[in-house]
There are 2 protein chains.
Amino acid sequence: MSQSPTLVSGLEPPYYTAVFTSVRPDHPEGYGETLERMHARVQDVPGFLGYESARTPGGIGITVAYFRDLESLHAWRDDAEHRAAKQYGREHWYERYSVHIGRVEDSYHHER
Amino acid sequence: MSQSPTLVSGLEPPYYTAVFTSVRPDHPEGYGETLERMHARVQDVPGFLGYESARTPGGIGITVAYFRDLESLHAWRDDAEHRAAKQYGREHWYERYSVHIGRVEDSYHHER
């Protein structure tokens, strides 16, 4: 059996989340490579705290990215390679998506 | 082919999100029935604006619930049947979960 997935936890509010919900085909061309590049790239953004992603096959995908403050979130939003990837995604992969930028004021974690 | 999934969109900030991330077995006993009951019940909470859910098989699940204000979010958090379901879930279903309560200050939607 594979290792049990971990979750982002233990962050001290306030922090920021970008909730990205999307509808796209199951395996769009070039998607995996771009995701891998973006995954590596976002690690270098000061104030990036982690992210989680889930996707129901044939359903929607939700990604939540965590940032220390709005400045770090905006730094990632405005990153040139990230912008290019988003532009490509809008044209080739995503049927639709929404982004919700929030300030987290409260959080808790449960572990059995 | 089934209908393309819709997303929660068009909400006017500020509003609130509860981001619920979890790790649990794929098909825990009694889960579907409880989910259905909670789904019906939350519709009656004034200020509830919708929710989305995604789950990677064998991976994590993410649910995002949207509320008009913190009062409506807390009304749902404190609902007696919801509390009982959460208690049961902690004991029987979830290996771990996190909740992040955020105030959404900015959002946008893209549709091809």
# chains A, B, ... in the order shown; residues from 1 in each chain; ligands from 1
>>> closest_atom_pairs(of="chain A", to="chain B", cutoff="6 Å", atoms="only C-alpha atoms", output="JSON lines")
{"residue": "A:Ala54", "atom": "CA", "partner": "B:Thr56", "partner_atom": "CA", "distance": 5.0}
{"residue": "A:Arg55", "atom": "CA", "partner": "B:Thr56", "partner_atom": "CA", "distance": 4.9}
{"residue": "A:Thr56", "atom": "CA", "partner": "B:Arg55", "partner_atom": "CA", "distance": 4.9}
{"residue": "A:Gly61", "atom": "CA", "partner": "B:Ala54", "partner_atom": "CA", "distance": 5.8}
{"residue": "A:Glu95", "atom": "CA", "partner": "B:Arg112", "partner_atom": "CA", "distance": 5.5}
{"residue": "A:Arg96", "atom": "CA", "partner": "B:Glu111", "partner_atom": "CA", "distance": 4.3}
{"residue": "A:Tyr97", "atom": "CA", "partner": "B:His110", "partner_atom": "CA", "distance": 5.3}
{"residue": "A:Ser98", "atom": "CA", "partner": "B:His109", "partner_atom": "CA", "distance": 4.2}
{"residue": "A:Val99", "atom": "CA", "partner": "B:Ser107", "partner_atom": "CA", "distance": 5.3}
{"residue": "A:His100", "atom": "CA", "partner": "B:Ser107", "partner_atom": "CA", "distance": 4.4}
{"residue": "A:Ile101", "atom": "CA", "partner": "B:Asp106", "partner_atom": "CA", "distance": 5.2}
{"residue": "A:Gly102", "atom": "CA", "partner": "B:Val104", "partner_atom": "CA", "distance": 3.9}
{"residue": "A:Arg103", "atom": "CA", "partner": "B:Gly102", "partner_atom": "CA", "distance": 5.0}
{"residue": "A:Val104", "atom": "CA", "partner": "B:Gly102", "partner_atom": "CA", "distance": 3.9}
{"residue": "A:Glu105", "atom": "CA", "partner": "B:Gly102", "partner_atom": "CA", "distance": 5.8}
{"residue": "A:Asp106", "atom": "CA", "partner": "B:Ile101", "partner_atom": "CA", "distance": 5.2}
{"residue": "A:Ser107", "atom": "CA", "partner": "B:His100", "partner_atom": "CA", "distance": 4.4}
{"residue": "A:Tyr108", "atom": "CA", "partner": "B:Val99", "partner_atom": "CA", "distance": 5.4}
{"residue": "A:His109", "atom": "CA", "partner": "B:Ser98", "partner_atom": "CA", "distance": 4.3}
{"residue": "A:His110", "atom": "CA", "partner": "B:Tyr97", "partner_atom": "CA", "distance": 5.3}
{"residue": "A:Glu111", "atom": "CA", "partner": "B:Arg96", "partner_atom": "CA", "distance": 4.3}
{"residue": "A:Arg112", "atom": "CA", "partner": "B:Glu95", "partner_atom": "CA", "distance": 5.5}
>>> write_last_selection(atoms="N, CA, C and O atoms", output="PDB file, in the first residue's frame")
ATOM      1  N   ALA A  54      -6.849  18.068  -5.770  1.00  0.00           N
ATOM      2  CA  ALA A  54      -7.700  16.884  -5.877  1.00  0.00           C
ATOM      3  C   ALA A  54      -8.510  16.999  -7.156  1.00  0.00           C
ATOM      4  O   ALA A  54      -8.857  18.107  -7.590  1.00  0.00           O
ATOM      5  N   ARG A  55      -8.799  15.855  -7.746  1.00  0.00           N
ATOM      6  CA  ARG A  55      -9.597  15.899  -8.965  1.00  0.00           C
ATOM      7  C   ARG A  55     -10.422  14.637  -9.096  1.00  0.00           C
ATOM      8  O   ARG A  55      -9.890  13.531  -9.098  1.00  0.00           O
ATOM      9  N   THR A  56     -11.747  14.807  -9.182  1.00  0.00           N
ATOM     10  CA  THR A  56     -12.642  13.691  -9.403  1.00  0.00           C
ATOM     11  C   THR A  56     -12.615  13.346 -10.890  1.00  0.00           C
ATOM     12  O   THR A  56     -12.876  14.218 -11.717  1.00  0.00           O
ATOM     13  N   GLY A  61     -11.809  19.721 -10.694  1.00  0.00           N
ATOM     14  CA  GLY A  61     -10.553  19.735  -9.966  1.00  0.00           C
ATOM     15  C   GLY A  61     -10.519  20.925  -9.033  1.00  0.00           C
ATOM     16  O   GLY A  61     -11.075  21.977  -9.341  1.00  0.00           O
ATOM     17  N   GLU A  95     -11.988  24.264 -19.783  1.00  0.00           N
ATOM     18  CA  GLU A  95     -13.296  24.650 -20.279  1.00  0.00           C
ATOM     19  C   GLU A  95     -13.780  25.866 -19.484  1.00  0.00           C
ATOM     20  O   GLU A  95     -14.359  26.793 -20.018  1.00  0.00           O
ATOM     21  N   ARG A  96     -13.530  25.812 -18.175  1.00  0.00           N
ATOM     22  CA  ARG A  96     -13.851  26.937 -17.281  1.00  0.00           C
ATOM     23  C   ARG A  96     -13.076  26.792 -15.976  1.00  0.00           C
ATOM     24  O   ARG A  96     -12.697  25.678 -15.608  1.00  0.00           O
ATOM     25  N   TYR A  97     -12.857  27.896 -15.324  1.00  0.00           N
ATOM     26  CA  TYR A  97     -12.270  27.842 -13.990  1.00  0.00           C
ATOM     27  C   TYR A  97     -12.648  29.074 -13.189  1.00  0.00           C
ATOM     28  O   TYR A  97     -13.056  30.091 -13.752  1.00  0.00           O
ATOM     29  N   SER A  98     -12.529  28.963 -11.874  1.00  0.00           N
ATOM     30  CA  SER A  98     -12.742  30.087 -10.969  1.00  0.00           C
ATOM     31  C   SER A  98     -11.566  30.156 -10.008  1.00  0.00           C
ATOM     32  O   SER A  98     -10.946  29.145  -9.696  1.00  0.00           O
ATOM     33  N   VAL A  99     -11.259  31.369  -9.564  1.00  0.00           N
ATOM     34  CA  VAL A  99     -10.223  31.584  -8.562  1.00  0.00           C
ATOM     35  C   VAL A  99     -10.813  32.437  -7.450  1.00  0.00           C
ATOM     36  O   VAL A  99     -11.507  33.425  -7.718  1.00  0.00           O
ATOM     37  N   HIS A 100     -10.593  32.003  -6.217  1.00  0.00           N
ATOM     38  CA  HIS A 100     -11.086  32.734  -5.039  1.00  0.00           C
ATOM     39  C   HIS A 100      -9.885  33.021  -4.142  1.00  0.00           C
ATOM     40  O   HIS A 100      -9.245  32.083  -3.659  1.00  0.00           O
ATOM     41  N   ILE A 101      -9.568  34.293  -3.957  1.00  0.00           N
ATOM     42  CA  ILE A 101      -8.423  34.697  -3.133  1.00  0.00           C
ATOM     43  C   ILE A 101      -8.924  35.067  -1.738  1.00  0.00           C
ATOM     44  O   ILE A 101      -9.711  36.002  -1.583  1.00  0.00           O
ATOM     45  N   GLY A 102      -8.471  34.328  -0.733  1.00  0.00           N
ATOM     46  CA  GLY A 102      -9.006  34.555   0.606  1.00  0.00           C
ATOM     47  C   GLY A 102      -7.938  34.726   1.663  1.00  0.00           C
ATOM     48  O   GLY A 102      -6.823  34.189   1.553  1.00  0.00           O
ATOM     49  N   ARG A 103      -8.311  35.464   2.683  1.00  0.00           N
ATOM     50  CA  ARG A 103      -7.452  35.637   3.846  1.00  0.00           C
ATOM     51  C   ARG A 103      -7.942  34.674   4.923  1.00  0.00           C
ATOM     52  O   ARG A 103      -9.088  34.797   5.406  1.00  0.00           O
ATOM     53  N   VAL A 104      -7.112  33.732   5.328  1.00  0.00           N
ATOM     54  CA  VAL A 104      -7.535  32.735   6.315  1.00  0.00           C
ATOM     55  C   VAL A 104      -7.391  33.302   7.721  1.00  0.00           C
ATOM     56  O   VAL A 104      -6.323  33.771   8.104  1.00  0.00           O
ATOM     57  N   GLU A 105      -8.485  33.258   8.457  1.00  0.00           N
ATOM     58  CA  GLU A 105      -8.526  33.861   9.785  1.00  0.00           C
ATOM     59  C   GLU A 105      -8.581  32.810  10.879  1.00  0.00           C
ATOM     60  O   GLU A 105      -8.399  33.107  12.059  1.00  0.00           O
ATOM     61  N   ASP A 106      -8.845  31.580  10.477  1.00  0.00           N
ATOM     62  CA  ASP A 106      -9.035  30.523  11.457  1.00  0.00           C
ATOM     63  C   ASP A 106      -8.772  29.188  10.760  1.00  0.00           C
ATOM     64  O   ASP A 106      -9.144  29.010   9.606  1.00  0.00           O
ATOM     65  N   SER A 107      -8.127  28.261  11.450  1.00  0.00           N
ATOM     66  CA  SER A 107      -7.938  26.944  10.842  1.00  0.00           C
ATOM     67  C   SER A 107      -7.708  25.905  11.935  1.00  0.00           C
ATOM     68  O   SER A 107      -7.267  26.247  13.041  1.00  0.00           O
ATOM     69  N   TYR A 108      -8.027  24.668  11.635  1.00  0.00           N
ATOM     70  CA  TYR A 108      -7.733  23.599  12.587  1.00  0.00           C
ATOM     71  C   TYR A 108      -7.479  22.291  11.861  1.00  0.00           C
ATOM     72  O   TYR A 108      -7.817  22.141  10.683  1.00  0.00           O
ATOM     73  N   HIS A 109      -6.888  21.377  12.568  1.00  0.00           N
ATOM     74  CA  HIS A 109      -6.445  20.124  11.982  1.00  0.00           C
ATOM     75  C   HIS A 109      -6.822  18.978  12.910  1.00  0.00           C
ATOM     76  O   HIS A 109      -6.723  19.107  14.131  1.00  0.00           O
ATOM     77  N   HIS A 110      -7.254  17.882  12.326  1.00  0.00           N
ATOM     78  CA  HIS A 110      -7.571  16.694  13.110  1.00  0.00           C
ATOM     79  C   HIS A 110      -6.756  15.522  12.594  1.00  0.00           C
ATOM     80  O   HIS A 110      -6.638  15.309  11.383  1.00  0.00           O
ATOM     81  N   GLU A 111      -6.216  14.758  13.521  1.00  0.00           N
ATOM     82  CA  GLU A 111      -5.457  13.563  13.136  1.00  0.00           C
ATOM     83  C   GLU A 111      -5.885  12.433  14.068  1.00  0.00           C
ATOM     84  O   GLU A 111      -5.936  12.633  15.295  1.00  0.00           O
ATOM     85  N   ARG A 112      -6.250  11.289  13.498  1.00  0.00           N
ATOM     86  CA  ARG A 112      -6.728  10.222  14.370  1.00  0.00           C
ATOM     87  C   ARG A 112      -5.574   9.509  15.055  1.00  0.00           C
ATOM     88  O   ARG A 112      -4.521   9.354  14.483  1.00  0.00           O
TER      89      ARG A 112
END
>>> residues_around(residues="Thr34 (chain A)", least_positions_apart="3", cutoff="10 Å", atoms="only C-alpha atoms", output="VMD selection string")
chain A and resid 29 to 31 37 to 40 81 to 82 85 to 86 88 to 89
>>> select_by_dssp(residues="chain B", states="strand (DSSP E)", output="ChimeraX atom specification")
/B:15-23,48-55,61-67,96-111
>>> select_by_dssp(residues="chain B", states="alpha helix (DSSP H)", output="ChimeraX atom specification")
/B:31-42,70-78,80-92
>>> residues_around(residues="Ala75 (chain A)", least_positions_apart="6", cutoff="10 Å", atoms="only C-alpha atoms", output="number ranges by chain")
A: 42, 45-48
>>> write_last_selection(atoms="N, CA and C atoms", output="mmCIF file, in the first residue's frame")
data_model
loop_
_atom_site.group_PDB
_atom_site.id
_atom_site.type_symbol
_atom_site.label_atom_id
_atom_site.label_comp_id
_atom_site.auth_asym_id
_atom_site.auth_seq_id
_atom_site.Cartn_x
_atom_site.Cartn_y
_atom_site.Cartn_z
ATOM 1 N N VAL A 42 7.169 27.302 -8.223
ATOM 2 C CA VAL A 42 6.481 28.001 -7.128
ATOM 3 C C VAL A 42 7.222 27.845 -5.795
ATOM 4 N N VAL A 45 9.130 30.864 -4.650
ATOM 5 C CA VAL A 45 8.450 32.115 -4.316
ATOM 6 C C VAL A 45 8.492 32.310 -2.803
ATOM 7 N N PRO A 46 9.139 33.389 -2.325
ATOM 8 C CA PRO A 46 9.187 33.629 -0.877
ATOM 9 C C PRO A 46 7.757 33.788 -0.339
ATOM 10 N N GLY A 47 7.452 33.063 0.735
ATOM 11 C CA GLY A 47 6.119 33.153 1.313
ATOM 12 C C GLY A 47 5.166 32.081 0.806
ATOM 13 N N PHE A 48 5.600 31.275 -0.167
ATOM 14 C CA PHE A 48 4.787 30.124 -0.589
ATOM 15 C C PHE A 48 4.844 29.060 0.500
#
